[in-house]
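Structure file run.csv (CSV, C-alpha atoms and all ligand atoms) is printed below.
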chain,number,residue,atom,x,y,z
A,26,MET,CA,0.0,0.0,0.0
A,27,GLN,CA,1.2,3.5,-0.7
A,28,TRP,CA,1.0,5.6,2.4
A,29,ALA,CA,0.5,8.8,0.5
A,30,GLN,CA,-2.9,7.5,-0.6
A,31,HIS,CA,-3.7,6.7,3.0
A,32,CYS,CA,-2.7,9.8,4.8
A,33,PRO,CA,-4.8,10.3,7.9
A,34,LEU,CA,-6.1,13.6,6.6
A,35,THR,CA,-8.6,11.8,4.3
A,36,LEU,CA,-11.6,12.4,6.4
A,37,GLU,CA,-14.7,14.5,5.8
A,38,PHE,CA,-17.5,15.0,8.3
A,39,ASP,CA,-21.2,15.6,7.6
A,40,THR,CA,-21.5,18.7,9.8
A,41,ALA,CA,-18.9,20.9,11.5
A,42,SER,CA,-20.8,20.4,14.7
A,43,GLU,CA,-20.0,16.7,14.7
A,44,VAL,CA,-16.4,17.5,15.5
A,45,SER,CA,-15.1,20.6,17.2
A,46,GLU,CA,-13.2,22.9,15.0
A,47,GLU,CA,-9.9,22.3,16.6
A,48,LEU,CA,-9.7,18.7,15.4
A,49,LEU,CA,-7.4,18.9,12.5
A,50,TYR,CA,-9.1,15.9,11.0
A,51,LEU,CA,-11.4,18.6,9.8
A,52,LYS,CA,-8.7,20.6,8.3
A,53,LYS,CA,-9.1,20.4,4.5
A,54,LYS,CA,-5.8,19.8,2.9
A,55,GLU,CA,-5.8,19.8,-0.9
A,56,GLY,CA,-6.1,16.3,-2.3
A,57,TYR,CA,-6.5,14.6,1.1
A,58,VAL,CA,-10.2,15.2,1.8
A,59,GLY,CA,-13.2,13.2,1.0
A,60,LYS,CA,-13.8,9.7,-0.1
A,61,HIS,CA,-13.8,7.8,3.1
A,62,SER,CA,-15.6,8.9,6.2
A,63,ARG,CA,-19.0,7.4,5.7
A,64,GLN,CA,-17.5,4.0,5.0
A,65,TYR,CA,-15.4,3.9,8.1
A,66,ARG,CA,-18.3,5.0,10.3
A,67,ASP,CA,-20.2,1.9,9.3
A,68,PHE,CA,-17.4,-0.4,10.3
A,69,VAL,CA,-18.5,-3.3,12.4
A,70,PHE,CA,-16.2,-4.2,15.2
A,71,LYS,CA,-16.1,-7.9,16.2
A,72,GLU,CA,-15.6,-9.3,19.6
A,73,ASP,CA,-12.2,-10.7,18.8
A,74,ASP,CA,-10.8,-7.5,17.4
A,75,VAL,CA,-8.0,-5.7,19.3
A,76,LEU,CA,-7.8,-1.9,18.8
A,77,THR,CA,-4.6,0.0,19.6
A,78,LEU,CA,-5.7,3.5,20.3
A,79,THR,CA,-3.3,6.3,20.7
A,80,TYR,CA,-2.7,10.0,20.2
A,81,PRO,CA,0.1,10.1,17.6
A,82,LYS,CA,3.7,9.7,18.9
A,83,SER,CA,2.7,7.8,22.0
A,84,GLY,CA,4.3,4.5,21.0
A,85,THR,CA,1.6,3.2,18.6
A,86,HIS,CA,4.1,1.2,16.4
A,87,TRP,CA,5.8,-0.3,19.4
A,88,MET,CA,2.4,-1.6,20.7
A,89,ILE,CA,1.5,-3.0,17.2
A,90,GLU,CA,4.8,-4.8,17.1
A,91,ILE,CA,4.2,-6.3,20.6
A,92,LEU,CA,0.6,-7.3,19.7
A,93,SER,CA,1.8,-8.9,16.4
A,94,LEU,CA,4.4,-10.9,18.3
A,95,ILE,CA,2.0,-12.0,21.0
A,96,ARG,CA,-0.3,-13.2,18.3
A,97,THR,CA,2.5,-15.3,16.8
A,98,LYS,CA,3.8,-16.4,20.2
A,99,GLY,CA,7.1,-14.7,19.6
A,100,ASP,CA,7.7,-16.0,16.1
A,101,PRO,CA,9.1,-13.1,14.1
A,102,LYS,CA,8.1,-14.4,10.6
A,103,TRP,CA,5.0,-12.3,10.4
A,104,ILE,CA,6.5,-9.0,11.5
A,105,GLN,CA,9.4,-9.6,9.1
A,106,SER,CA,7.3,-10.3,6.1
A,107,VAL,CA,4.2,-8.0,6.4
A,108,PRO,CA,4.4,-4.2,6.8
A,109,ILE,CA,3.3,-2.9,10.1
A,110,TRP,CA,0.4,-1.0,8.6
A,111,ASP,CA,-1.0,-4.1,7.0
A,112,ARG,CA,-0.8,-6.1,10.3
A,113,SER,CA,-2.8,-3.5,12.2
A,114,PRO,CA,-4.4,-1.2,9.7
A,115,TRP,CA,-5.6,2.3,10.7
A,116,ILE,CA,-9.4,2.3,10.5
A,117,GLU,CA,-9.5,6.0,9.5
A,118,ILE,CA,-7.1,5.6,6.6
A,119,LEU,CA,-8.3,5.2,3.1
A,120,ASN,CA,-8.2,1.6,1.8
A,121,MET,CA,-6.8,0.2,5.0
A,122,TYR,CA,-10.4,0.2,6.1
A,123,GLU,CA,-11.3,-1.9,3.1
A,124,ALA,CA,-8.5,-4.3,3.8
A,125,LEU,CA,-9.8,-4.6,7.4
A,126,GLU,CA,-13.3,-5.4,6.3
A,127,ALA,CA,-12.0,-8.2,4.0
A,128,GLN,CA,-9.8,-9.7,6.7
A,129,GLU,CA,-10.7,-13.1,8.1
A,130,GLY,CA,-10.2,-14.0,11.8
A,131,PRO,CA,-9.2,-11.9,14.7
A,132,ARG,CA,-8.0,-8.5,13.6
A,133,LEU,CA,-5.5,-6.0,15.0
A,134,ILE,CA,-6.7,-2.5,14.3
A,135,THR,CA,-5.2,0.9,15.0
A,136,SER,CA,-6.6,4.3,15.3
A,137,HIS,CA,-5.6,7.8,16.3
A,138,LEU,CA,-9.2,9.1,16.3
A,139,PRO,CA,-10.8,10.8,19.2
A,140,ILE,CA,-13.5,8.8,20.9
A,141,GLN,CA,-16.4,10.6,19.4
A,142,LEU,CA,-15.3,9.7,15.9
A,143,LEU,CA,-15.0,5.9,16.4
A,144,PRO,CA,-17.7,3.8,14.7
A,145,LYS,CA,-20.5,3.3,17.1
A,146,SER,CA,-20.2,-0.5,16.8
A,147,LEU,CA,-17.0,-0.3,19.0
A,148,PHE,CA,-19.1,0.5,22.0
A,149,THR,CA,-21.6,-2.3,21.6
A,150,SER,CA,-19.1,-5.0,20.7
A,151,LYS,CA,-16.7,-6.8,23.1
A,152,ALA,CA,-13.7,-5.7,21.0
A,153,LYS,CA,-10.7,-4.9,23.2
A,154,VAL,CA,-9.2,-1.5,23.3
A,155,ILE,CA,-5.6,-0.9,24.4
A,156,HIS,CA,-5.2,2.9,25.0
A,157,LEU,CA,-1.5,3.8,25.2
A,158,ILE,CA,-0.7,7.2,26.6
A,159,ARG,CA,2.6,9.0,27.0
A,160,ASN,CA,3.9,12.0,28.8
A,161,PRO,CA,2.5,14.7,26.5
A,162,LYS,CA,5.7,16.7,26.7
A,163,ASP,CA,7.4,13.8,25.1
A,164,VAL,CA,4.6,13.4,22.6
A,165,LEU,CA,5.0,17.1,21.8
A,166,VAL,CA,8.8,16.8,21.2
A,167,SER,CA,8.4,13.5,19.3
A,168,GLY,CA,5.8,15.2,17.1
A,169,TYR,CA,8.1,18.1,16.4
A,170,PHE,CA,10.9,15.9,15.1
A,171,PHE,CA,8.3,13.7,13.2
A,172,SER,CA,7.0,16.8,11.4
A,173,LYS,CA,10.3,17.0,9.6
A,174,VAL,CA,10.0,13.4,8.5
A,175,CYS,CA,6.3,13.1,7.7
A,176,SER,CA,4.5,15.7,5.6
A,177,SER,CA,1.1,14.8,7.1
A,178,PHE,CA,2.2,16.7,10.2
A,179,GLU,CA,2.0,20.4,10.3
A,180,GLN,CA,5.2,21.9,8.9
A,181,VAL,CA,6.6,24.5,11.4
A,182,ALA,CA,9.5,26.8,11.5
A,183,SER,CA,10.5,26.1,15.1
A,184,LEU,CA,9.9,24.0,18.2
A,185,GLN,CA,8.3,27.1,19.8
A,186,GLU,CA,5.7,27.2,16.9
A,187,HIS,CA,4.9,23.5,17.3
A,188,PHE,CA,4.7,24.0,21.1
A,189,GLU,CA,2.1,26.8,20.7
A,190,ARG,CA,0.1,24.8,18.2
A,191,PHE,CA,0.2,21.7,20.4
A,192,LEU,CA,-1.1,23.6,23.4
A,193,GLN,CA,-3.9,25.1,21.2
A,194,GLY,CA,-4.8,21.7,19.9
A,195,ASN,CA,-3.9,23.0,16.4
A,196,VAL,CA,-2.1,19.9,15.3
A,197,LEU,CA,-3.0,16.6,13.7
A,198,CYS,CA,-5.6,14.8,15.9
A,199,GLY,CA,-6.3,18.0,17.8
A,200,SER,CA,-6.0,18.6,21.5
A,201,TRP,CA,-4.0,15.9,23.4
A,202,PHE,CA,-5.9,16.8,26.5
A,203,GLU,CA,-9.3,16.2,25.0
A,204,HIS,CA,-8.3,13.1,23.1
A,205,THR,CA,-6.8,11.6,26.3
A,206,GLN,CA,-9.7,12.5,28.5
A,207,GLY,CA,-12.2,11.2,25.9
A,208,TRP,CA,-10.7,7.8,25.8
A,209,MET,CA,-10.1,7.7,29.6
A,210,SER,CA,-13.9,7.9,30.0
A,211,MET,CA,-13.8,4.2,29.1
A,212,ARG,CA,-11.9,3.4,32.4
A,213,GLY,CA,-13.6,0.7,34.3
A,214,LYS,CA,-14.9,-1.1,31.2
A,215,GLU,CA,-13.8,-4.7,31.0
A,216,SER,CA,-12.8,-4.3,27.3
A,217,TYR,CA,-10.6,-1.3,28.0
A,218,LEU,CA,-6.9,-1.3,29.1
A,219,MET,CA,-5.0,1.9,29.6
A,220,LEU,CA,-1.2,1.7,29.5
A,221,HIS,CA,1.6,4.2,29.8
A,222,TYR,CA,4.5,4.3,27.4
A,223,GLU,CA,6.7,5.0,30.5
A,224,GLU,CA,5.7,1.7,32.2
A,225,LEU,CA,6.2,-0.2,29.0
A,226,LYS,CA,9.6,1.3,28.8
A,227,ARG,CA,10.5,0.8,32.5
A,228,ASP,CA,9.2,-2.8,32.8
A,229,THR,CA,8.5,-4.1,29.3
A,230,ARG,CA,8.1,-7.7,30.5
A,231,SER,CA,5.5,-7.1,33.2
A,232,THR,CA,3.6,-4.7,30.9
A,233,ILE,CA,3.5,-7.4,28.2
A,234,GLU,CA,2.3,-9.9,30.8
A,235,LYS,CA,-0.5,-7.4,31.6
A,236,ILE,CA,-1.4,-7.2,28.0
A,237,CYS,CA,-1.5,-11.0,27.7
A,238,GLN,CA,-3.7,-11.2,30.7
A,239,PHE,CA,-6.1,-8.6,29.2
A,240,LEU,CA,-6.1,-10.6,25.9
A,241,GLY,CA,-6.5,-13.9,27.6
A,242,LYS,CA,-3.2,-15.2,26.1
A,243,THR,CA,-0.3,-16.9,27.7
A,244,LEU,CA,3.3,-17.0,26.6
A,245,GLU,CA,6.0,-19.5,27.5
A,246,PRO,CA,9.2,-17.9,28.9
A,247,GLU,CA,11.0,-18.4,25.6
A,248,GLU,CA,8.1,-17.0,23.7
A,249,MET,CA,8.1,-13.9,25.9
A,250,ASN,CA,11.9,-13.6,25.4
A,251,SER,CA,11.3,-13.6,21.7
A,252,VAL,CA,8.5,-10.9,21.9
A,253,LEU,CA,10.9,-8.8,24.0
A,254,LYS,CA,13.8,-9.3,21.6
A,255,HIS,CA,11.9,-8.6,18.4
A,256,SER,CA,10.0,-5.6,19.7
A,257,SER,CA,13.0,-3.7,21.0
A,258,ILE,CA,13.6,-0.4,19.3
A,259,GLN,CA,16.8,-1.7,17.7
A,260,ALA,CA,15.0,-4.8,16.2
A,261,MET,CA,12.3,-2.5,14.9
A,262,ARG,CA,14.9,-0.1,13.4
A,263,ASP,CA,16.4,-3.1,11.6
A,264,ASN,CA,13.1,-4.5,10.4
A,265,LYS,CA,12.1,-3.0,7.1
A,266,MET,CA,8.5,-4.0,7.7
A,267,SER,CA,8.5,-1.7,10.7
A,268,ASN,CA,11.0,1.1,10.1
A,269,TYR,CA,9.0,2.8,7.2
A,270,THR,CA,11.9,2.6,4.7
A,271,LEU,CA,9.3,1.1,2.4
A,272,MET,CA,7.5,4.4,2.5
A,273,ASP,CA,10.5,6.6,2.1
A,274,GLY,CA,9.8,9.1,-0.7
A,275,SER,CA,6.0,9.1,-0.3
A,276,ASN,CA,5.0,11.5,2.4
A,277,PHE,CA,7.9,10.3,4.5
A,278,ASN,CA,11.3,11.7,4.1
A,279,LEU,CA,13.7,9.7,6.2
A,280,LYS,CA,16.7,11.8,5.1
A,281,ASN,CA,15.3,14.3,7.7
A,282,GLY,CA,15.4,11.8,10.6
A,283,PRO,CA,14.6,8.2,11.4
A,284,PHE,CA,11.1,6.9,11.8
A,285,LEU,CA,12.1,5.3,15.1
A,286,ARG,CA,13.9,8.2,16.8
A,287,LYS,CA,15.2,7.9,20.4
A,288,GLY,CA,12.6,5.7,22.1
A,289,VAL,CA,13.2,7.1,25.6
A,290,SER,CA,11.1,8.7,28.4
A,291,GLY,CA,11.8,12.3,29.4
A,292,ASP,CA,13.5,13.5,26.2
A,293,TRP,CA,11.4,16.7,26.6
A,294,LYS,CA,14.0,17.8,29.2
A,295,ASN,CA,16.5,18.1,26.4
A,296,HIS,CA,14.3,20.3,24.2
A,297,LEU,CA,11.8,22.4,26.2
A,298,THR,CA,12.9,25.5,28.0
A,299,VAL,CA,12.0,26.0,31.7
A,300,ALA,CA,9.4,28.6,30.6
A,301,GLN,CA,7.8,26.2,28.1
A,302,ALA,CA,7.7,23.3,30.6
A,303,GLU,CA,6.0,25.6,33.2
A,304,ALA,CA,3.5,26.9,30.7
A,305,PHE,CA,2.8,23.3,29.7
A,306,ASP,CA,2.3,22.2,33.3
A,307,ARG,CA,-0.1,25.1,33.9
A,308,MET,CA,-2.2,24.1,30.9
A,309,PHE,CA,-2.0,20.4,32.1
A,310,GLN,CA,-3.3,21.3,35.5
A,311,GLU,CA,-6.1,23.3,34.1
A,312,LYS,CA,-7.2,20.8,31.4
A,313,MET,CA,-6.8,17.6,33.4
A,314,ALA,CA,-8.1,18.9,36.8
A,315,GLY,CA,-10.4,16.4,38.4
A,316,LEU,CA,-8.5,13.4,37.1
A,317,PRO,CA,-6.5,11.4,39.7
A,318,PRO,CA,-2.8,12.2,39.4
A,319,GLU,CA,-1.9,8.5,39.5
A,320,LEU,CA,-3.2,8.3,35.9
A,321,PHE,CA,-0.2,10.4,34.8
A,322,PRO,CA,2.8,8.8,36.5
A,323,TRP,CA,5.6,10.4,34.5
A,324,ASP,CA,7.1,13.4,36.2
B,401,LIG,P1,10.5,9.4,20.1
B,401,LIG,O1,10.3,10.3,18.9
B,401,LIG,O2,10.4,10.1,21.4
B,401,LIG,O3,11.8,8.6,19.9
B,401,LIG,P2,4.2,6.4,17.4
B,401,LIG,O4,4.5,5.0,17.0
B,401,LIG,O5,2.9,6.6,18.1
B,401,LIG,O6,4.4,7.3,16.2
B,401,LIG,O7,5.3,6.8,18.5
B,401,LIG,C1,6.6,7.1,18.1
B,401,LIG,C2,7.5,7.1,19.4
B,401,LIG,O8,7.6,5.8,19.9
B,401,LIG,C3,8.9,7.6,19.0
B,401,LIG,O9,9.4,8.3,20.1
B,401,LIG,C4,9.6,6.2,18.9
B,401,LIG,O10,11.0,6.3,19.0
B,401,LIG,C5,9.0,5.5,20.0
B,401,LIG,N1,9.1,4.0,19.8
B,401,LIG,C6,8.8,3.3,18.8
B,401,LIG,N2,9.2,2.0,18.9
B,401,LIG,C7,9.7,1.9,20.1
B,401,LIG,C8,10.3,0.8,20.9
B,401,LIG,N3,10.4,-0.4,20.4
B,401,LIG,N4,10.8,1.1,22.1
B,401,LIG,C9,10.7,2.4,22.6
B,401,LIG,N5,10.2,3.4,22.0
B,401,LIG,C10,9.7,3.2,20.7
Hey, can you dump this file as structure tokens for me?
Ligand code: A3P
Amino acid sequence: MQWAQHCPLTLEFDTASEVSEELLYLKKKEGYVGKHSRQYRDFVFKEDDVLTLTYPKSGTHWMIEILSLIRTKGDPKWIQSVPIWDRSPWIEILNMYEALEAQEGPRLITSHLPIQLLPKSLFTSKAKVIHLIRNPKDVLVSGYFFSKVCSSFEQVASLQEHFERFLQGNVLCGSWFEHTQGWMSMRGKESYLMLHYEELKRDTRSTIEKICQFLGKTLEPEEMNSVLKHSSIQAMRDNKMSNYTLMDGSNFNLKNGPFLRKGVSGDWKNHLTVAQAEAFDRMFQEKMAGLPPELFPWD
């Protein structure tokens, strides 16, 4: 599949009121709008589907790699022969939706959509949702570097410009705060698991065990070791089915940076000024007031 044809900005909504203005899925980019939205809204989730749900730059691809490897019990053949976007297609992306509909058996599905845009069938099915969140300051910094690599991201002149846009929700997928709160409203549902990039990074094995438990899967110790080995950032960088070199030259330009950049927690400290970090924290307090702090265990 050619990614350029499947850029996330391929959505169109019936009325502006369906989605608040700040969601940049609404933003009409020449050539990217139309064609798709009514189809994906009718998508029927099945009870054995597993949906990876993230705000962009939260570790989506890492989660897909892990879920792919859990599915094959650590056997790397699948991840080394099928592109990551075909193993867990994005429901909102043109044609990937069609591939998903045609797929037999349990499906891995990905989405960056805010909760109000997901097909209604998700909420009546027993499909499992894994919501991976990450320190939004790291999400912001990761997104800034990614904007140099991927033309679907807003092109900005500086980190300060990206910072301002991020706080305003004027970036792809809109406000991190609203996106995150929206999906967190599923907390307590049996079919919903919220995970943090930071815990996945700190204790990958235990977090994968948690995922297996949620999915009702078990891995033998050597299978678990293989999942860990093949989902490491280095293994993903070396895997052309996961490192996006197959997409280089479409709307990805890997000369401007790797698809899999640093893969660490807390990189924001190397890039944000004290004033930016403080402004961010003020906004965070304001927007996320009322949610228990233990939901955000990163600083
Ligand atoms: P950085 O840019 O901070 O390095 P997404 O997949 O949602 O686009 O998220 C991308 C972020 O996840 C990038 O963060 C990337 O390096 C990180 N990532 C991807 N695979 C990873 C892995 N195996 N281990 C740790 N981090 C990973």
Residues of chain A within 9 Å of ligand LIG 401 (chain B): nearest atom pair and distance (Å, one decimal) for each, counting all atoms listed in the file, sorted by chain and number, as JSON lines?
{"residue": "A:Thr79", "atom": "CA", "partner": "B:LIG401", "partner_atom": "O5", "distance": 6.7}
{"residue": "A:Tyr80", "atom": "CA", "partner": "B:LIG401", "partner_atom": "O5", "distance": 6.9}
{"residue": "A:Pro81", "atom": "CA", "partner": "B:LIG401", "partner_atom": "O5", "distance": 4.5}
{"residue": "A:Lys82", "atom": "CA", "partner": "B:LIG401", "partner_atom": "O5", "distance": 3.3}
{"residue": "A:Ser83", "atom": "CA", "partner": "B:LIG401", "partner_atom": "O5", "distance": 4.1}
{"residue": "A:Gly84", "atom": "CA", "partner": "B:LIG401", "partner_atom": "O7", "distance": 3.5}
{"residue": "A:Thr85", "atom": "CA", "partner": "B:LIG401", "partner_atom": "O5", "distance": 3.7}
{"residue": "A:His86", "atom": "CA", "partner": "B:LIG401", "partner_atom": "O4", "distance": 3.9}
{"residue": "A:Trp87", "atom": "CA", "partner": "B:LIG401", "partner_atom": "N2", "distance": 4.1}
{"residue": "A:Met88", "atom": "CA", "partner": "B:LIG401", "partner_atom": "O4", "distance": 7.9}
{"residue": "A:Ile89", "atom": "CA", "partner": "B:LIG401", "partner_atom": "O4", "distance": 8.5}
{"residue": "A:Glu90", "atom": "CA", "partner": "B:LIG401", "partner_atom": "N3", "distance": 7.8}
{"residue": "A:Ile91", "atom": "CA", "partner": "B:LIG401", "partner_atom": "N3", "distance": 8.6}
{"residue": "A:His137", "atom": "CA", "partner": "B:LIG401", "partner_atom": "O5", "distance": 8.8}
{"residue": "A:Leu157", "atom": "CA", "partner": "B:LIG401", "partner_atom": "O5", "distance": 8.8}
{"residue": "A:Asp163", "atom": "CA", "partner": "B:LIG401", "partner_atom": "O2", "distance": 6.0}
{"residue": "A:Val164", "atom": "CA", "partner": "B:LIG401", "partner_atom": "O2", "distance": 6.8}
{"residue": "A:Leu165", "atom": "CA", "partner": "B:LIG401", "partner_atom": "O2", "distance": 8.8}
{"residue": "A:Val166", "atom": "CA", "partner": "B:LIG401", "partner_atom": "O2", "distance": 6.9}
{"residue": "A:Ser167", "atom": "CA", "partner": "B:LIG401", "partner_atom": "O1", "distance": 3.7}
{"residue": "A:Gly168", "atom": "CA", "partner": "B:LIG401", "partner_atom": "O1", "distance": 6.9}
{"residue": "A:Tyr169", "atom": "CA", "partner": "B:LIG401", "partner_atom": "O1", "distance": 8.5}
{"residue": "A:Phe170", "atom": "CA", "partner": "B:LIG401", "partner_atom": "O1", "distance": 6.8}
{"residue": "A:Phe171", "atom": "CA", "partner": "B:LIG401", "partner_atom": "O1", "distance": 6.9}
{"residue": "A:Tyr222", "atom": "CA", "partner": "B:LIG401", "partner_atom": "N5", "distance": 7.9}
{"residue": "A:Leu225", "atom": "CA", "partner": "B:LIG401", "partner_atom": "C9", "distance": 8.2}
{"residue": "A:Lys226", "atom": "CA", "partner": "B:LIG401", "partner_atom": "C9", "distance": 6.4}
{"residue": "A:His255", "atom": "CA", "partner": "B:LIG401", "partner_atom": "N3", "distance": 8.6}
{"residue": "A:Ser256", "atom": "CA", "partner": "B:LIG401", "partner_atom": "N3", "distance": 5.3}
{"residue": "A:Ser257", "atom": "CA", "partner": "B:LIG401", "partner_atom": "N3", "distance": 4.2}
{"residue": "A:Ile258", "atom": "CA", "partner": "B:LIG401", "partner_atom": "N3", "distance": 3.4}
{"residue": "A:Gln259", "atom": "CA", "partner": "B:LIG401", "partner_atom": "N3", "distance": 7.1}
{"residue": "A:Ala260", "atom": "CA", "partner": "B:LIG401", "partner_atom": "N3", "distance": 7.6}
{"residue": "A:Met261", "atom": "CA", "partner": "B:LIG401", "partner_atom": "N3", "distance": 6.2}
{"residue": "A:Arg262", "atom": "CA", "partner": "B:LIG401", "partner_atom": "N2", "distance": 8.2}
{"residue": "A:Pro283", "atom": "CA", "partner": "B:LIG401", "partner_atom": "O10", "distance": 8.6}
{"residue": "A:Phe284", "atom": "CA", "partner": "B:LIG401", "partner_atom": "O10", "distance": 7.2}
{"residue": "A:Leu285", "atom": "CA", "partner": "B:LIG401", "partner_atom": "O10", "distance": 4.2}
{"residue": "A:Arg286", "atom": "CA", "partner": "B:LIG401", "partner_atom": "O3", "distance": 3.8}
{"residue": "A:Lys287", "atom": "CA", "partner": "B:LIG401", "partner_atom": "O3", "distance": 3.5}
{"residue": "A:Gly288", "atom": "CA", "partner": "B:LIG401", "partner_atom": "N5", "distance": 3.3}
{"residue": "A:Val289", "atom": "CA", "partner": "B:LIG401", "partner_atom": "O2", "distance": 5.9}
{"residue": "A:Ser290", "atom": "CA", "partner": "B:LIG401", "partner_atom": "O2", "distance": 7.2}
{"residue": "A:Gly291", "atom": "CA", "partner": "B:LIG401", "partner_atom": "O2", "distance": 8.4}
{"residue": "A:Asp292", "atom": "CA", "partner": "B:LIG401", "partner_atom": "O2", "distance": 6.6}
{"residue": "A:Trp293", "atom": "CA", "partner": "B:LIG401", "partner_atom": "O2", "distance": 8.5}
Select, from A:Ile95, A:Val69, A:Glu123, A:Arg190, the residue with the minimum atom-to-atom distance to Phe305 in chain A, counting all atoms listed in the file.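 Closest to Phe305 in chain A, using all atoms listed in the file: A:Arg190.
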A:Leu184, A:Pro318, A:Lys162, A:Thr270 ranked by distance to Asp306 in chain A, top pick (using only C-alpha atoms): A:Lys162
Could you tell me which of A:Gly99, A:Val196, A:Gln105, A:Ile134 comes closest to Glu245 in chain A if we count all atoms listed in the file?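 Under the stated criterion, the closest residue is A:Gly99.
Rounded to one decimal, CA of Thr243 in chain A and CA of Ala124 in chain A lie 28.2 Å from each other.
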Would you compute the distance between CA of Gly241 in chain A and CA of Gly213 in chain A? Give it in Å to one decimal.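 Spanning CA of Gly241 in chain A to CA of Gly213 in chain A is a straight-line distance of 17.6 Å.
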In Å, how far is it from CA of Glu319 in chain A to CA of Lys235 in chain A?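 These atoms are spaced 17.8 Å apart.
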Which of these residues is nearest to Trp323 in chain A, using all atoms listed in the file: A:Val181, A:His187, A:His221, A:Thr135? A:His221
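Close to (-5.3, -16.6, 23.7), meaning no more than 12 Å away when counting all atoms listed in the file, sit the residues Asp73, Leu92, Ile95, Arg96, Thr97, Lys98, Pro131, Ile236, Cys237, Gln238, Phe239, Leu240, Gly241, Lys242, Thr243 and Leu244 of chain A.
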Just the residues within 12 Å of Glu129 in chain A, please, counting only C-alpha atoms, with nothing from its chain fewer than 3 positions along; format it as a PyMOL selection string. chain A and resi 71+73-74+124-126+132-133
Which residue of A:Phe309, A:Tyr269, A:Phe321, A:Tyr122 approaches Val107 in chain A most closely, using only C-alpha atoms: A:Tyr269
Can you work out which one of A:Gln310, A:Asn295, A:Ser267, A:Thr205 has the shortest atom-to-atom distance to Asp111 in chain A, counting all atoms listed in the file?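 Closest residue, counting all atoms listed in the file: A:Ser267.
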